[in-house]
file target.txt (compact mmCIF, C-alpha atoms)
# COMPACT_ATOMS: atom_id res chain seq x y z
CA MET A 1 -7.33 13.03 15.33
CA ILE A 2 -7.88 9.29 15.59
CA GLU A 3 -7.26 7.81 18.99
CA LYS A 4 -4.96 4.76 19.00
CA ARG A 5 -6.33 1.87 21.03
CA GLU A 6 -5.10 -1.72 21.33
CA ILE A 7 -7.92 -4.28 21.44
CA LEU A 8 -6.38 -7.70 21.91
CA ASP A 9 -7.85 -11.22 21.82
CA GLU A 10 -11.29 -10.20 20.59
CA LYS A 11 -12.77 -13.47 19.29
CA ALA A 12 -13.84 -13.35 15.65
CA LEU A 13 -15.85 -15.64 13.36
CA LEU A 14 -15.07 -15.37 9.63
CA VAL A 15 -17.66 -15.63 6.86
CA GLY A 16 -16.87 -16.24 3.18
CA VAL A 17 -19.37 -16.52 0.33
CA ILE A 18 -18.82 -18.76 -2.71
CA GLN A 19 -20.45 -16.81 -5.53
CA PRO A 20 -20.70 -17.98 -9.18
CA GLY A 21 -17.27 -18.12 -10.80
CA LEU A 22 -15.49 -18.78 -7.49
CA THR A 23 -14.46 -22.06 -5.91
CA GLU A 24 -14.18 -23.21 -2.32
CA ILE A 25 -10.38 -23.30 -2.68
CA ILE A 26 -10.28 -19.64 -3.76
CA ILE A 27 -12.59 -18.57 -0.91
CA ASP A 28 -10.43 -20.50 1.58
CA GLU A 29 -7.41 -18.51 0.34
CA HIS A 30 -9.37 -15.27 0.74
CA LEU A 31 -10.37 -16.29 4.28
CA ASP A 32 -6.72 -17.10 5.08
CA GLU A 33 -5.95 -13.48 4.19
CA LEU A 34 -8.95 -12.23 6.18
CA GLU A 35 -7.61 -14.19 9.16
CA LEU A 36 -4.25 -12.42 8.82
CA LEU A 37 -6.09 -9.09 8.70
CA ALA A 38 -8.08 -10.04 11.81
CA LYS A 39 -4.90 -10.99 13.70
CA THR A 40 -3.25 -7.73 12.64
CA ALA A 41 -6.25 -5.87 14.06
CA GLY A 42 -5.87 -7.75 17.36
CA ALA A 43 -8.49 -10.49 17.03
CA SER A 44 -8.18 -14.22 17.55
CA VAL A 45 -10.11 -16.23 14.96
CA VAL A 46 -12.24 -19.00 16.50
CA GLY A 47 -13.90 -20.32 13.34
CA ARG A 48 -14.85 -19.77 9.72
CA ILE A 49 -18.03 -20.38 7.72
CA THR A 50 -18.42 -20.63 3.94
CA GLN A 51 -21.72 -20.47 2.09
CA LYS A 52 -22.53 -21.14 -1.58
CA LEU A 53 -24.70 -18.38 -2.98
CA SER A 54 -26.19 -17.88 -6.45
CA LYS A 55 -27.69 -14.48 -5.64
CA ILE A 56 -26.93 -11.80 -3.03
CA ASN A 57 -29.70 -11.26 -0.47
CA PRO A 58 -30.27 -7.46 -0.24
CA SER A 59 -31.27 -7.75 3.44
CA THR A 60 -28.54 -9.94 4.94
CA PHE A 61 -26.14 -10.64 2.01
CA ILE A 62 -26.64 -14.37 2.66
CA GLY A 63 -30.06 -15.90 3.42
CA LYS A 64 -31.81 -14.82 6.61
CA GLY A 65 -31.85 -18.39 7.94
CA LYS A 66 -28.13 -18.74 7.40
CA ALA A 67 -27.60 -15.31 8.99
CA LYS A 68 -29.37 -16.48 12.18
CA GLN A 69 -27.33 -19.68 12.12
CA ILE A 70 -24.07 -17.71 11.93
CA ILE A 71 -25.10 -15.53 14.88
CA MET A 72 -25.99 -18.65 16.91
CA GLN A 73 -22.62 -20.21 16.07
CA ALA A 74 -20.83 -17.00 17.08
CA LYS A 75 -22.61 -17.10 20.46
CA GLU A 76 -21.65 -20.77 20.97
CA LEU A 77 -18.01 -19.89 20.26
CA ASP A 78 -18.23 -16.87 22.59
CA SER A 79 -17.34 -14.64 19.64
CA LYS A 80 -18.29 -10.97 19.85
CA LEU A 81 -17.27 -10.19 16.26
CA ILE A 82 -18.40 -11.55 12.87
CA LEU A 83 -16.18 -10.62 9.93
CA PHE A 84 -17.47 -10.86 6.35
CA ASP A 85 -14.88 -11.11 3.57
CA ASP A 86 -17.22 -9.17 1.27
CA GLU A 87 -18.45 -5.59 1.61
CA LEU A 88 -21.81 -5.23 3.32
CA SER A 89 -24.23 -2.39 2.67
CA PRO A 90 -25.27 -0.12 5.56
CA ALA A 91 -28.74 -1.71 5.46
CA GLN A 92 -27.30 -5.21 5.73
CA ILE A 93 -25.20 -4.25 8.75
CA LYS A 94 -28.29 -2.65 10.34
CA ASN A 95 -30.25 -5.88 9.86
CA TYR A 96 -27.52 -7.95 11.49
CA HIS A 97 -27.55 -5.64 14.48
CA HIS A 98 -31.32 -6.15 14.74
CA LEU A 99 -30.74 -9.90 14.73
CA SER A 100 -28.20 -9.67 17.54
CA ASP A 101 -27.69 -6.97 20.14
CA GLU A 102 -24.48 -8.49 21.46
CA ILE A 103 -22.37 -9.23 18.38
CA LYS A 104 -20.63 -6.74 16.10
CA VAL A 105 -20.73 -7.36 12.37
CA LEU A 106 -17.96 -5.89 10.25
CA ASP A 107 -16.98 -6.29 6.61
CA ARG A 108 -13.51 -6.50 5.06
CA SER A 109 -13.44 -2.76 4.28
CA GLY A 110 -14.23 -1.83 7.88
CA LEU A 111 -11.54 -4.21 9.14
CA ILE A 112 -8.87 -2.78 6.80
CA LEU A 113 -9.81 0.75 7.87
CA ASP A 114 -9.44 -0.31 11.50
CA ILE A 115 -5.92 -1.63 10.80
CA PHE A 116 -4.99 1.58 8.98
CA GLN A 117 -6.16 3.60 11.99
CA LYS A 118 -3.96 1.46 14.21
CA HIS A 119 -0.85 1.90 12.05
CA ALA A 120 -1.16 5.54 10.97
CA ARG A 121 1.78 7.55 12.32
CA SER A 122 2.46 10.72 10.36
CA LYS A 123 0.07 13.67 10.02
CA GLU A 124 -0.52 12.76 6.38
CA ALA A 125 -1.36 9.12 7.12
CA THR A 126 -3.66 9.92 10.06
CA THR A 127 -5.49 12.57 8.00
CA GLN A 128 -5.94 10.20 5.07
CA VAL A 129 -7.15 7.35 7.26
CA GLU A 130 -9.53 9.48 9.30
CA LEU A 131 -11.10 10.83 6.11
CA ALA A 132 -11.57 7.33 4.70
CA PHE A 133 -13.00 6.08 8.02
CA LEU A 134 -15.53 8.92 8.33
CA GLU A 135 -16.65 8.50 4.71
CA TYR A 136 -17.14 4.80 5.42
CA LEU A 137 -18.97 5.56 8.67
CA LEU A 138 -21.26 8.34 7.40
CA PRO A 139 -23.89 6.15 5.68
CA ARG A 140 -23.75 3.76 8.63
CA LEU A 141 -24.03 6.46 11.31
CA THR A 142 -27.66 6.08 12.40
CA ARG A 143 -27.53 2.34 11.85
CA GLN A 144 -24.51 1.58 14.01
CA TRP A 145 -24.63 4.29 16.60
CA THR A 146 -26.49 2.58 19.46
CA HIS A 147 -24.64 -0.64 18.71
CA LEU A 148 -21.32 1.15 19.03
CA GLU A 149 -22.44 2.61 22.34
CA ARG A 150 -23.17 -0.88 23.64
CA GLN A 151 -19.89 -2.30 22.38
CA MET A 152 -17.76 0.46 23.94
CA GLY A 153 -15.00 0.30 21.34
CA GLY A 154 -13.22 -2.73 19.98
CA ILE A 155 -12.26 -3.71 16.44
CA GLY A 156 -14.07 -1.52 13.94
CA THR A 157 -14.58 1.21 16.54
CA ARG A 158 -10.93 1.95 17.29
CA ALA A 159 -11.47 5.68 17.06
CA GLY A 160 -13.26 5.70 20.39
CA MET A 161 -16.65 5.88 18.67
CA GLY A 162 -18.26 3.79 21.37
CA GLU A 163 -17.41 6.24 24.13
CA THR A 164 -16.43 9.78 23.20
CA GLN A 165 -18.15 10.38 19.85
CA ILE A 166 -21.57 8.83 20.35
CA GLU A 167 -23.34 12.21 20.15
CA ILE A 168 -21.71 13.36 16.90
CA ASP A 169 -24.39 13.76 14.23
CA ARG A 170 -24.21 13.69 10.45
CA ARG A 171 -23.68 17.45 10.16
CA LEU A 172 -20.58 17.34 12.37
CA ILE A 173 -19.22 14.34 10.50
CA ARG A 174 -19.66 16.15 7.16
CA THR A 175 -17.98 19.26 8.59
CA ARG A 176 -15.04 17.16 9.72
CA ILE A 177 -14.81 15.47 6.28
CA THR A 178 -14.73 18.89 4.59
CA LYS A 179 -11.93 20.03 6.90
CA LEU A 180 -9.90 16.86 6.31
CA LYS A 181 -10.25 17.22 2.54
CA LYS A 182 -8.89 20.77 2.76
CA GLU A 183 -5.96 19.53 4.85
CA LEU A 184 -5.21 16.85 2.25
CA VAL A 185 -5.21 19.48 -0.52
CA LYS A 186 -2.48 21.34 1.43
CA ILE A 187 -0.54 18.10 1.90
CA GLU A 188 -0.84 17.34 -1.82
CA LYS A 189 0.53 20.80 -2.68
CA GLU A 190 3.50 20.17 -0.38
CA ARG A 191 4.09 16.83 -2.11
CA LEU A 192 3.92 18.54 -5.50
CA THR A 193 6.58 21.04 -4.40
CA GLN A 194 8.81 18.19 -3.19
CA SER A 195 8.16 16.33 -6.44
CA LEU A 196 9.20 19.30 -8.59
CA LYS A 197 12.46 19.56 -6.65
CA ARG A 198 13.11 15.88 -7.42
CA SER A 199 11.98 16.01 -11.06
CA SER A 200 15.50 15.76 -12.44
CA GLU A 201 16.29 12.63 -10.40
CA TYR A 202 15.72 9.06 -11.57
CA ARG A 203 12.96 7.67 -9.36
CA VAL A 204 12.24 4.08 -8.39
CA SER A 205 9.18 2.98 -6.39
CA LEU A 206 8.79 -0.27 -4.47
CA VAL A 207 5.31 -1.72 -4.75
CA GLY A 208 3.89 -5.08 -3.80
CA TYR A 209 1.42 -7.03 -1.78
CA THR A 210 1.41 -6.08 1.88
CA ASN A 211 4.00 -8.04 3.90
CA ALA A 212 6.01 -9.00 0.78
CA GLY A 213 9.15 -7.47 2.30
CA LYS A 214 9.22 -4.05 0.61
CA SER A 215 10.38 -2.21 3.72
CA THR A 216 13.05 -4.86 4.41
CA LEU A 217 14.37 -4.48 0.85
CA PHE A 218 14.24 -0.69 1.19
CA LYS A 219 16.27 -0.86 4.41
CA SER A 220 18.75 -3.36 2.93
CA LEU A 221 19.39 -1.17 -0.13
CA THR A 222 19.48 2.26 1.53
CA GLY A 223 20.35 1.55 5.17
CA ALA A 224 17.37 3.69 6.20
CA ASP A 225 15.92 3.08 9.66
CA VAL A 226 12.34 2.11 8.74
CA PHE A 227 9.73 0.25 10.78
CA ILE A 228 9.60 -3.45 9.88
CA GLN A 229 7.19 -6.02 11.29
CA ASN A 230 5.83 -9.34 10.06
CA GLN A 231 2.22 -8.24 9.70
CA LEU A 232 -0.09 -6.67 7.15
CA PHE A 233 0.20 -2.90 6.60
CA ALA A 234 3.01 -2.44 9.11
CA THR A 235 3.84 0.90 7.46
CA LEU A 236 1.57 3.43 5.75
CA ASP A 237 3.90 6.36 5.16
CA THR A 238 5.88 6.74 1.95
CA THR A 239 9.61 6.97 2.67
CA VAL A 240 12.06 8.36 0.09
CA ARG A 241 15.84 7.99 0.26
CA LYS A 242 18.72 8.66 -2.14
CA LEU A 243 20.56 5.55 -3.32
CA ASN A 244 23.99 5.63 -4.97
CA LEU A 245 24.37 2.48 -7.08
CA ASP A 246 27.80 3.52 -8.38
CA THR A 247 29.67 6.73 -9.28
CA SER A 248 27.37 7.53 -12.20
CA HIS A 249 24.01 6.02 -11.19
CA THR A 250 22.12 7.77 -8.41
CA LEU A 251 18.39 7.48 -7.81
CA LEU A 252 15.60 8.23 -5.36
CA LEU A 253 14.01 5.07 -3.93
CA SER A 254 10.52 5.21 -2.38
CA ASP A 255 8.69 2.64 -0.25
CA THR A 256 4.89 2.82 -0.51
CA VAL A 257 1.83 1.35 1.22
CA GLY A 258 1.17 -2.32 0.42
CA PHE A 259 -1.57 -3.56 -1.90
CA ILE A 260 -4.25 -6.10 -1.02
CA ARG A 261 -7.42 -7.60 -2.48
CA LYS A 262 -10.61 -5.57 -2.17
CA LEU A 263 -8.88 -2.44 -0.83
CA PRO A 264 -11.69 -0.01 0.14
CA HIS A 265 -12.28 2.52 -2.66
CA ASN A 266 -12.52 5.51 -0.30
CA LEU A 267 -9.19 4.46 1.22
CA VAL A 268 -7.54 4.41 -2.22
CA ALA A 269 -9.02 7.86 -2.90
CA SER A 270 -7.74 9.22 0.41
CA PHE A 271 -4.23 7.86 -0.28
CA LYS A 272 -4.15 9.46 -3.74
CA SER A 273 -1.29 11.82 -2.90
CA THR A 274 0.75 8.99 -1.35
CA LEU A 275 0.20 6.73 -4.36
CA LYS A 276 1.29 9.52 -6.73
CA GLU A 277 4.82 8.59 -5.69
CA VAL A 278 4.28 5.47 -7.82
CA LEU A 279 2.80 7.40 -10.77
CA GLU A 280 5.83 9.71 -10.89
CA ALA A 281 8.36 6.87 -10.87
CA ASP A 282 10.65 6.08 -13.80
CA LEU A 283 10.79 2.45 -12.68
CA ILE A 284 8.59 0.28 -10.45
CA LEU A 285 10.09 -2.63 -8.52
CA ILE A 286 7.31 -5.17 -7.90
CA VAL A 287 8.28 -7.08 -4.76
CA LEU A 288 6.71 -10.55 -4.46
CA ASP A 289 6.79 -12.99 -1.55
CA MET A 290 7.82 -16.12 -3.46
CA SER A 291 7.24 -18.27 -0.35
CA SER A 292 3.51 -17.46 -0.48
CA PRO A 293 1.26 -20.08 -2.15
CA GLN A 294 -0.73 -17.15 -3.59
CA VAL A 295 2.22 -15.42 -5.28
CA ILE A 296 0.60 -15.62 -8.76
CA ASP A 297 -2.67 -14.27 -7.38
CA HIS A 298 -0.72 -11.47 -5.66
CA MET A 299 0.93 -10.53 -8.96
CA SER A 300 -2.51 -10.38 -10.57
CA THR A 301 -3.81 -8.08 -7.80
CA ILE A 302 -0.77 -5.78 -8.12
CA ASN A 303 -1.21 -5.51 -11.90
CA LYS A 304 -4.89 -4.71 -11.42
CA VAL A 305 -4.17 -1.95 -8.86
CA LEU A 306 -1.40 -0.45 -11.03
CA GLU A 307 -3.79 -0.41 -13.98
CA GLU A 308 -6.52 1.27 -11.90
CA MET A 309 -3.98 3.89 -10.80
CA GLY A 310 -2.89 4.54 -14.39
CA ALA A 311 0.64 3.29 -13.71
CA ASN A 312 0.54 0.29 -16.05
CA ASN A 313 2.71 2.06 -18.68
CA ILE A 314 5.66 2.57 -16.32
CA GLN A 315 8.60 0.18 -16.74
CA THR A 316 8.60 -2.61 -14.10
CA VAL A 317 11.05 -5.14 -12.68
CA GLN A 318 9.80 -8.12 -10.67
CA VAL A 319 11.70 -9.06 -7.51
CA LEU A 320 11.05 -12.49 -5.99
CA ASN A 321 11.79 -12.03 -2.28
CA LYS A 322 12.07 -14.46 0.68
CA VAL A 323 13.86 -17.22 -1.25
CA ASP A 324 15.47 -18.16 2.08
CA LEU A 325 12.08 -19.43 3.30
CA ILE A 326 11.90 -22.12 0.59
CA SER A 327 13.99 -25.26 1.11
CA ASP A 328 12.74 -27.15 -1.96
CA SER A 329 14.96 -26.26 -4.95
CA ASN A 330 12.38 -27.70 -7.37
CA MET A 331 9.80 -25.27 -6.00
CA ILE A 332 12.23 -22.35 -6.42
CA ASN A 333 12.88 -23.32 -10.04
CA LYS A 334 9.15 -23.70 -10.71
CA ILE A 335 8.44 -20.17 -9.43
CA LYS A 336 11.39 -18.80 -11.44
CA ARG A 337 9.91 -20.35 -14.58
CA THR A 338 6.62 -18.60 -13.82
CA PHE A 339 8.46 -15.27 -13.49
CA PRO A 340 11.34 -15.73 -15.97
CA ASP A 341 12.52 -12.09 -15.96
CA ALA A 342 12.41 -11.66 -12.18
CA VAL A 343 15.35 -11.20 -9.81
CA THR A 344 15.41 -13.74 -6.97
CA ILE A 345 16.64 -12.44 -3.60
CA SER A 346 16.36 -12.51 0.16
CA ALA A 347 16.18 -8.91 1.40
CA LYS A 348 16.39 -10.06 5.02
CA GLN A 349 19.54 -12.12 4.44
CA HIS A 350 21.02 -9.55 1.98
CA LEU A 351 21.16 -12.32 -0.61
CA LYS A 352 21.72 -11.31 -4.28
CA LEU A 353 20.90 -7.63 -3.70
CA ARG A 354 23.62 -6.84 -6.26
CA ASP A 355 21.36 -8.43 -8.91
CA VAL A 356 18.63 -5.92 -8.04
CA LYS A 357 21.07 -3.03 -8.41
CA THR A 358 22.34 -4.40 -11.75
CA LYS A 359 18.78 -4.67 -13.04
CA ILE A 360 18.05 -1.08 -12.01
CA VAL A 361 21.23 0.16 -13.75
CA GLU A 362 20.16 -1.68 -16.94
CA GLN A 363 16.81 0.12 -16.86
CA MET A 364 18.44 3.46 -16.08
CA GLU A 365 20.77 3.07 -19.06
CA LEU A 366 17.74 2.75 -21.36
CA ASN A 367 16.73 6.20 -20.20
CA TYR A 368 20.20 7.77 -20.43
CA SER A 369 21.65 10.03 -23.11
CA THR A 370 25.04 11.63 -23.79
CA VAL A 371 25.47 15.28 -24.84
CA GLU A 372 28.26 17.78 -25.37
CA ILE A 373 27.74 21.28 -23.98
CA GLU A 374 29.80 24.39 -23.32
CA PHE A 375 29.60 27.31 -20.90
CA PRO A 376 31.58 30.57 -20.73
CA TYR A 377 33.86 30.86 -17.69
CA ASN A 378 31.77 33.68 -16.20
CA ASN A 379 28.87 31.21 -15.83
CA GLY A 380 30.43 29.36 -12.92
CA LYS A 381 27.15 28.40 -11.28
CA HIS A 382 25.89 26.50 -14.33
CA ILE A 383 29.30 24.90 -14.90
CA ALA A 384 29.19 23.48 -11.37
CA ASN A 385 25.50 22.46 -11.50
CA ALA A 386 25.86 20.80 -14.92
CA GLN A 387 28.31 18.32 -13.40
CA GLU A 388 25.98 17.23 -10.59
CA GLY A 389 23.85 14.11 -10.92
CA VAL A 390 25.55 13.06 -14.18
CA GLU A 391 28.66 11.24 -15.32
CA VAL A 392 31.27 13.68 -16.69
CA ILE A 393 32.93 11.78 -19.55
CA GLU A 394 35.15 14.62 -20.76
CA ARG A 395 36.08 18.11 -19.56
CA ILE A 396 37.99 20.48 -21.91
CA TYR A 397 39.12 23.96 -20.90
CA GLU A 398 39.43 26.28 -23.89
CA LYS A 399 40.22 29.99 -24.08
CA ASP A 400 36.71 31.34 -23.42
CA VAL A 401 34.60 28.29 -22.57
CA VAL A 402 34.51 24.99 -20.72
CA LYS A 403 33.36 22.07 -22.87
CA LEU A 404 31.65 19.18 -21.09
CA LYS A 405 30.68 15.77 -22.36
CA ILE A 406 28.14 14.39 -19.88
CA ARG A 407 25.91 11.33 -19.59
CA GLY A 408 22.82 11.02 -17.42
CA ASN A 409 19.09 10.34 -17.35
CA LYS A 410 17.16 12.23 -20.00
CA SER A 411 15.16 14.40 -17.60
CA ARG A 412 18.38 15.62 -15.94
CA ILE A 413 20.08 16.17 -19.31
CA ASN A 414 17.08 18.14 -20.60
CA GLN A 415 17.19 20.30 -17.47
CA ILE A 416 20.88 21.08 -18.04
CA LEU A 417 20.29 21.86 -21.73
CA THR A 418 17.87 24.65 -20.74
CA TRP A 419 20.85 26.47 -19.18
CA VAL A 420 22.85 26.44 -22.42
CA ASP A 421 22.71 29.65 -24.41
call {"tool": "encode", "arguments": {"input": "target.txt", "output": "structure tokens"}}
result
Amino acid sequence: MIEKREILDEKALLVGVIQPGLTEIIIDEHLDELELLAKTAGASVVGRITQKLSKINPSTFIGKGKAKQIIMQAKELDSKLILFDDELSPAQIKNYHHLSDEIKVLDRSGLILDIFQKHARSKEATTQVELAFLEYLLPRLTRQWTHLERQMGGIGTRAGMGETQIEIDRRLIRTRITKLKKELVKIEKERLTQSLKRSSEYRVSLVGYTNAGKSTLFKSLTGADVFIQNQLFATLDTTVRKLNLDTSHTLLLSDTVGFIRKLPHNLVASFKSTLKEVLEADLILIVLDMSSPQVIDHMSTINKVLEEMGANNIQTVQVLNKVDLISDSNMINKIKRTFPDAVTISAKQHLKLRDVKTKIVEQMELNYSTVEIEFPYNNGKHIANAQEGVEVIERIYEKDVVKLKIRGNKSRINQILTWVD
């Protein structure tokens, strides 16, 4: 089990690399996001460095001279943590630790894993995060171990690695990974059982960039008491609630973990069972923070992640959230033109939520069908069940049978038709 530990006000220096095909403006945007990640982890950012690079240095990612310069600057700023926006190899991290005994060097993946460790609550989330963390740590074990002992915890070592786990060797780590994978298989089976029970329901998943307001929209629509905070990855656990839009349109709404650029691959793999909630959806609501200057970039990242997951064929509806944070009407209209089919709302202010519900009903209707069926009176159980989760248009009682004309989503209708003799 991962130990929760708050490490506040750890000074961090950010490093971004301008590689071919990227511009300084793009890297600045990426570093803005890295700064938000650092603050979420409990660090205070004291500076940022960008470096143009035509070729990656296998030893230090950037040139060795520049690496020494960054370490010197970190010391001048009294920073004990250097954060790279790009993923560093275990060898590169080892070399940085040789260059400086006093300063920790962490990449974006390590930072995101640290945040996930901090925010994991349920057994499923903590198991998934611990597995991802150990798989990330394993190739870095011998390279970071003495450094972690010196640092005695802090960002990137939130699991207590600096104190209580210094003597764990590779064999024990691998044993723990094997055990966690077995636990996740059990969790996935439980999810599959839950999924089968919900197979006849129309399912809608909220996806979006982290901190776009998914959980706020989820709470506004369902009234569910979910954790909401203005920071990245505030929630990791998928929450599912039933939502009655009207007398004939009922669905299951799920809130999932937020997306972000450069999400660590082993973290995505560990959260496979959680993300299946999206793959099994009939409709995906893509929630966008329209007040963010990077809203178009966020949409691109979401599309990329959905495609990687194999969810790009599922019907989607775009929801432009946080319109209340924009005072310029021209800016609002400009964003609307960029996303012409989107619904514009404020989940926090409960503004235009009816438009979201109307859009969902429109999509549900595309997946609805109407059938006429009949059951003998002695089949009371099926008569009762056939009228659940559908709209009963007509009910006729004849001498030997009850005739029903019902309308509902196709999966529910198909399930009911299997009961008809």
call {"tool": "atom_distance", "arguments": {"input": "target.txt", "atom1": "CA of Leu134 (chain A)", "atom2": "CA of Ile173 (chain A)"}}
result
6.9 Å
call {"tool": "atom_distance", "arguments": {"input": "target.txt", "atom1": "CA of Thr178 (chain A)", "atom2": "CA of Arg140 (chain A)"}}
result
18.1 Å
call {"tool": "atom_distance", "arguments": {"input": "target.txt", "atom1": "CA of Glu188 (chain A)", "atom2": "CA of Leu252 (chain A)"}}
result
19.1 Å
call {"tool": "residues_around", "arguments": {"input": "target.txt", "residues": "region 363-374 of chain A", "least_positions_apart": "2", "cutoff": "10 Å", "atoms": "all atoms listed in the file", "output": "tab-separated table (two decimals) with C-alpha atoms, in the frame of the given file"}}
result
chain	number	residue	atom	x	y	z
A	202	TYR	CA	15.72	9.06	-11.57
A	203	ARG	CA	12.96	7.67	-9.36
A	204	VAL	CA	12.24	4.08	-8.39
A	249	HIS	CA	24.01	6.02	-11.19
A	250	THR	CA	22.12	7.77	-8.41
A	251	LEU	CA	18.39	7.48	-7.81
A	282	ASP	CA	10.65	6.08	-13.80
A	283	LEU	CA	10.79	2.45	-12.68
A	315	GLN	CA	8.60	0.18	-16.74
A	316	THR	CA	8.60	-2.61	-14.10
A	317	VAL	CA	11.05	-5.14	-12.68
A	357	LYS	CA	21.07	-3.03	-8.41
A	358	THR	CA	22.34	-4.40	-11.75
A	359	LYS	CA	18.78	-4.67	-13.04
A	360	ILE	CA	18.05	-1.08	-12.01
A	361	VAL	CA	21.23	0.16	-13.75
A	376	PRO	CA	31.58	30.57	-20.73
A	377	TYR	CA	33.86	30.86	-17.69
A	383	ILE	CA	29.30	24.90	-14.90
A	386	ALA	CA	25.86	20.80	-14.92
A	390	VAL	CA	25.55	13.06	-14.18
A	391	GLU	CA	28.66	11.24	-15.32
A	392	VAL	CA	31.27	13.68	-16.69
A	393	ILE	CA	32.93	11.78	-19.55
A	394	GLU	CA	35.15	14.62	-20.76
A	395	ARG	CA	36.08	18.11	-19.56
A	396	ILE	CA	37.99	20.48	-21.91
A	397	TYR	CA	39.12	23.96	-20.90
A	398	GLU	CA	39.43	26.28	-23.89
A	400	ASP	CA	36.71	31.34	-23.42
A	401	VAL	CA	34.60	28.29	-22.57
A	402	VAL	CA	34.51	24.99	-20.72
A	403	LYS	CA	33.36	22.07	-22.87
A	404	LEU	CA	31.65	19.18	-21.09
A	405	LYS	CA	30.68	15.77	-22.36
A	406	ILE	CA	28.14	14.39	-19.88
A	407	ARG	CA	25.91	11.33	-19.59
A	408	GLY	CA	22.82	11.02	-17.42
A	409	ASN	CA	19.09	10.34	-17.35
A	410	LYS	CA	17.16	12.23	-20.00
A	411	SER	CA	15.16	14.40	-17.60
A	412	ARG	CA	18.38	15.62	-15.94
A	413	ILE	CA	20.08	16.17	-19.31
A	414	ASN	CA	17.08	18.14	-20.60
A	416	ILE	CA	20.88	21.08	-18.04
A	417	LEU	CA	20.29	21.86	-21.73
A	419	TRP	CA	20.85	26.47	-19.18
A	420	VAL	CA	22.85	26.44	-22.42
A	421	ASP	CA	22.71	29.65	-24.41
call {"tool": "closest_residue", "arguments": {"input": "target.txt", "among": "A:Asn379, A:Asn303, A:Thr216, A:Thr222", "to": "Phe259 (chain A)", "atoms": "all atoms listed in the file"}}
result
A:Asn303
call {"tool": "residues_around", "arguments": {"input": "target.txt", "residues": "region 16-20 of chain A", "least_positions_apart": "5", "cutoff": "9 Å", "atoms": "all atoms listed in the file", "output": "JSON, numbers by chain"}}
result
{"A": [26, 27, 28, 30, 31, 48, 49, 50, 51, 52, 53, 54, 55, 56, 62, 83, 84, 85, 86]}
call {"tool": "closest_residue", "arguments": {"input": "target.txt", "among": "A:Thr210, A:Asn330, A:Ser220, A:Gln294", "to": "Leu37 (chain A)", "atoms": "only C-alpha atoms"}}
result
A:Thr210
call {"tool": "closest_residue", "arguments": {"input": "target.txt", "among": "A:Asp355, A:Asp289, A:Glu76, A:Glu277", "to": "Met309 (chain A)", "atoms": "all atoms listed in the file"}}
result
A:Glu277
call {"tool": "closest_residue", "arguments": {"input": "target.txt", "among": "A:Lys75, A:Gln349, A:Thr418, A:Glu308", "to": "His382 (chain A)", "atoms": "all atoms listed in the file"}}
result
A:Thr418
call {"tool": "closest_residue", "arguments": {"input": "target.txt", "among": "A:Ile260, A:Leu88, A:Ile82, A:Ala132", "to": "Lys104 (chain A)", "atoms": "all atoms listed in the file"}}
result
A:Ile82
call {"tool": "closest_residue", "arguments": {"input": "target.txt", "among": "A:Gln387, A:Asn244, A:Thr239, A:Thr40", "to": "Leu111 (chain A)", "atoms": "only C-alpha atoms"}}
result
A:Thr40
call {"tool": "decode", "arguments": {"input": "target.txt", "residues": "region 172-181 of chain A", "atoms": "N, CA and C atoms", "output": "PDB file, in the first residue's frame"}}
result
ATOM      1  N   LEU A 172      12.201  -8.375  -4.866  1.00  0.00           N
ATOM      2  CA  LEU A 172      11.022  -8.044  -4.079  1.00  0.00           C
ATOM      3  C   LEU A 172      10.072  -7.120  -4.848  1.00  0.00           C
ATOM      4  N   ILE A 173      10.668  -6.193  -5.611  1.00  0.00           N
ATOM      5  CA  ILE A 173       9.851  -5.301  -6.425  1.00  0.00           C
ATOM      6  C   ILE A 173       9.068  -6.111  -7.461  1.00  0.00           C
ATOM      7  N   ARG A 174       9.758  -7.054  -8.122  1.00  0.00           N
ATOM      8  CA  ARG A 174       9.095  -7.879  -9.147  1.00  0.00           C
ATOM      9  C   ARG A 174       7.997  -8.743  -8.518  1.00  0.00           C
ATOM     10  N   THR A 175       8.263  -9.256  -7.322  1.00  0.00           N
ATOM     11  CA  THR A 175       7.254 -10.057  -6.623  1.00  0.00           C
ATOM     12  C   THR A 175       6.012  -9.217  -6.328  1.00  0.00           C
ATOM     13  N   ARG A 176       6.244  -8.000  -5.900  1.00  0.00           N
ATOM     14  CA  ARG A 176       5.140  -7.088  -5.589  1.00  0.00           C
ATOM     15  C   ARG A 176       4.352  -6.751  -6.868  1.00  0.00           C
ATOM     16  N   ILE A 177       5.050  -6.521  -7.967  1.00  0.00           N
ATOM     17  CA  ILE A 177       4.403  -6.228  -9.249  1.00  0.00           C
ATOM     18  C   ILE A 177       3.513  -7.396  -9.667  1.00  0.00           C
ATOM     19  N   THR A 178       4.032  -8.616  -9.525  1.00  0.00           N
ATOM     20  CA  THR A 178       3.251  -9.807  -9.885  1.00  0.00           C
ATOM     21  C   THR A 178       1.972  -9.889  -9.056  1.00  0.00           C
ATOM     22  N   LYS A 179       2.104  -9.616  -7.755  1.00  0.00           N
ATOM     23  CA  LYS A 179       0.942  -9.662  -6.861  1.00  0.00           C
ATOM     24  C   LYS A 179      -0.086  -8.595  -7.241  1.00  0.00           C
ATOM     25  N   LEU A 180       0.388  -7.393  -7.558  1.00  0.00           N
ATOM     26  CA  LEU A 180      -0.519  -6.301  -7.917  1.00  0.00           C
ATOM     27  C   LEU A 180      -1.254  -6.610  -9.217  1.00  0.00           C
ATOM     28  N   LYS A 181      -0.551  -7.223 -10.165  1.00  0.00           N
ATOM     29  CA  LYS A 181      -1.190  -7.587 -11.435  1.00  0.00           C
ATOM     30  C   LYS A 181      -2.303  -8.607 -11.213  1.00  0.00           C
TER      31      LYS A 181
END
